[in-house]
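Peer 1: The structure follows.
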Amino acid sequence: MKMSKRLLDNYCNPSYYLVFIDEMPFMPAGMTTSKGWAPSGKHATVSSAPYSKTAYRTQVASSVHHEDGLLFADVYPPTKQSHKRKDGTDTNPSYHPHWTKEKIFEYINNMLKYLYDNHESLSFHSKNKSLLLLLDSASEHGTRHSIKEQICGLEYAKKLIDESILTDL
């Protein structure tokens with residue numbers, strides 16, 4: 001309840017530009033058709049990747065503001081990787097999720113670049129606002145303090161503050 005109250009206070013505070021960032025898995029392999037049209041004698045779905053494994057997961061991330069709508073989105077498909085066995089030989093390549101802590105901060109920097117490039121057309125322009133990023137508590141994000149420290153060190157976070165487009169992060 002305490003966190004909800006704090007979020008509501010920040011949402012209603014006109015000195016903040018609140019951006020909600022979330023990522024979600026998208027598993028195209030799970031989208032097999034069980035019914036559908038196909039030529040006579042052929043299956044509607046010829047082949048698909050096994051969807052029981054999360055390795056085929058494509059991660060979709062988006063940033064939303066309540067007035068400006070969808071600000072930025074990106075897709076992180078899985079990558080094909082091989083690993084070394086104990087004897088030094090390579091395993092057969094297989095797909096692995098590509099959504100890592102480094103990718104999260106790359107995404108945030110790209111979103112901040114979008115804010116930097118388009119700040120004149122967004123609702124925080126010339127209003128002396130602080131940017132407030134709202135992320136879920138997924139473990140890959142890190143702790144609250146380490147996240148803020150890393151975000152403040154990003155290239156476009158520095159530009160937004162140095163050029164007085166935003167007052168704080």
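Ligands are numbered from 1 in the order shown, chains are lettered A, B, ... in the order of the structure tokens, and residues start at 1 in each chain.
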Show which residues sit within 12 Å of region 62-64 of chain A, as a ChimeraX atom specification. Count only C-alpha atoms, and ignore same-chain residues fewer than 6 positions away.
Peer 2: /A:17-25,70-76,104,107-112,114-115,132-135
Peer 1: Going by DSSP on the backbone, which bits of region 48-102 of chain A are helix (DSSP H, G or I)? Write them as a list of chain:residue names, please.
Peer 2: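 Here is the list: A:Thr54, A:Ala55, A:Tyr56, A:Lys101, A:Glu102.
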Peer 1: Output the selection as a compact mmCIF listing (two decimals), in the first residue's frame - N, CA, C and O atoms for each residue.
Peer 2:
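So the final result, stored in again37.txt, reads:
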```
# COMPACT_ATOMS: atom_id res chain seq x y z
N THR A 54 11.94 -21.97 -23.04
CA THR A 54 11.93 -20.51 -23.05
C THR A 54 13.04 -19.95 -23.94
O THR A 54 13.08 -18.75 -24.18
N ALA A 55 13.93 -20.79 -24.43
CA ALA A 55 15.02 -20.32 -25.27
C ALA A 55 14.51 -19.68 -26.56
O ALA A 55 15.18 -18.84 -27.15
N TYR A 56 13.33 -20.06 -27.00
CA TYR A 56 12.79 -19.49 -28.24
C TYR A 56 12.05 -18.19 -27.98
O TYR A 56 11.43 -17.64 -28.86
N LYS A 101 21.05 -8.04 -18.63
CA LYS A 101 21.15 -6.77 -17.92
C LYS A 101 21.75 -5.69 -18.83
O LYS A 101 21.31 -4.54 -18.84
N GLU A 102 22.76 -6.07 -19.63
CA GLU A 102 23.37 -5.11 -20.55
C GLU A 102 22.36 -4.64 -21.58
O GLU A 102 22.33 -3.46 -21.93
```
Peer 1: Kindly give the distance, in Å, that separates CA of Leu131 (chain A) and CA of Lys159 (chain A), rounded to a single decimal.
Peer 2: 13.0 Å
Peer 1: Find the residues around Asn128 (chain A) up to 8 Å (only C-alpha atoms counted), leave out those fewer than 5 positions away in its own chain, and share them as a VMD selection string.
Peer 2: chain A and resid 15 164 to 167
Peer 1: Keeping only C-alpha atoms, write the selected residues to a file as a PDB file, in the first residue's frame.
Peer 2:
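Output contents, as saved in result_23.pdb:
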```pdb
ATOM      1  CA  SER A  15       7.301  18.192 -11.685  1.00  0.00           C
ATOM      2  CA  SER A 164      18.761  21.247 -19.047  1.00  0.00           C
ATOM      3  CA  ILE A 165      16.098  19.336 -20.955  1.00  0.00           C
ATOM      4  CA  LEU A 166      15.380  17.448 -17.725  1.00  0.00           C
ATOM      5  CA  THR A 167      16.348  18.532 -14.230  1.00  0.00           C
TER       6      THR A 167
END
```
Peer 1: Between CA of His98 (chain A) and CA of Ala61 (chain A), what distance in Å does the model show, to one decimal?
Peer 2: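 Calculated distance between CA of His98 (chain A) and CA of Ala61 (chain A) is 12.2 Å.
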Peer 1: Rounded to one decimal, what separation in Å do you get between CA of Leu154 (chain A) and CA of Glu106 (chain A)?
Peer 2: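 Separation of CA of Leu154 (chain A) and CA of Glu106 (chain A): 8.7 Å.
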Peer 1: Of the candidates A:Tyr11, A:Lys86, A:Asp68, A:Phe26, which one gets nearest to Asn118 (chain A) if we count only C-alpha atoms?
Peer 2: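 Selected residue with least distance to Asn118 (chain A): A:Asp68.
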Peer 1: Counting only C-alpha atoms, which of A:Ile161, A:Val60, A:Ile151, A:Met1 gets nearest to Tyr116 (chain A)?
Peer 2: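 Under the stated criterion, the closest residue is A:Ile161.
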Peer 1: Counting only C-alpha atoms, what is within 12 Å of Pro93 (chain A), bar same-chain residues fewer than 5 positions away, as JSON, numbers by chain?
Peer 2: {"A": [55, 79, 80, 81, 82, 83, 84]}
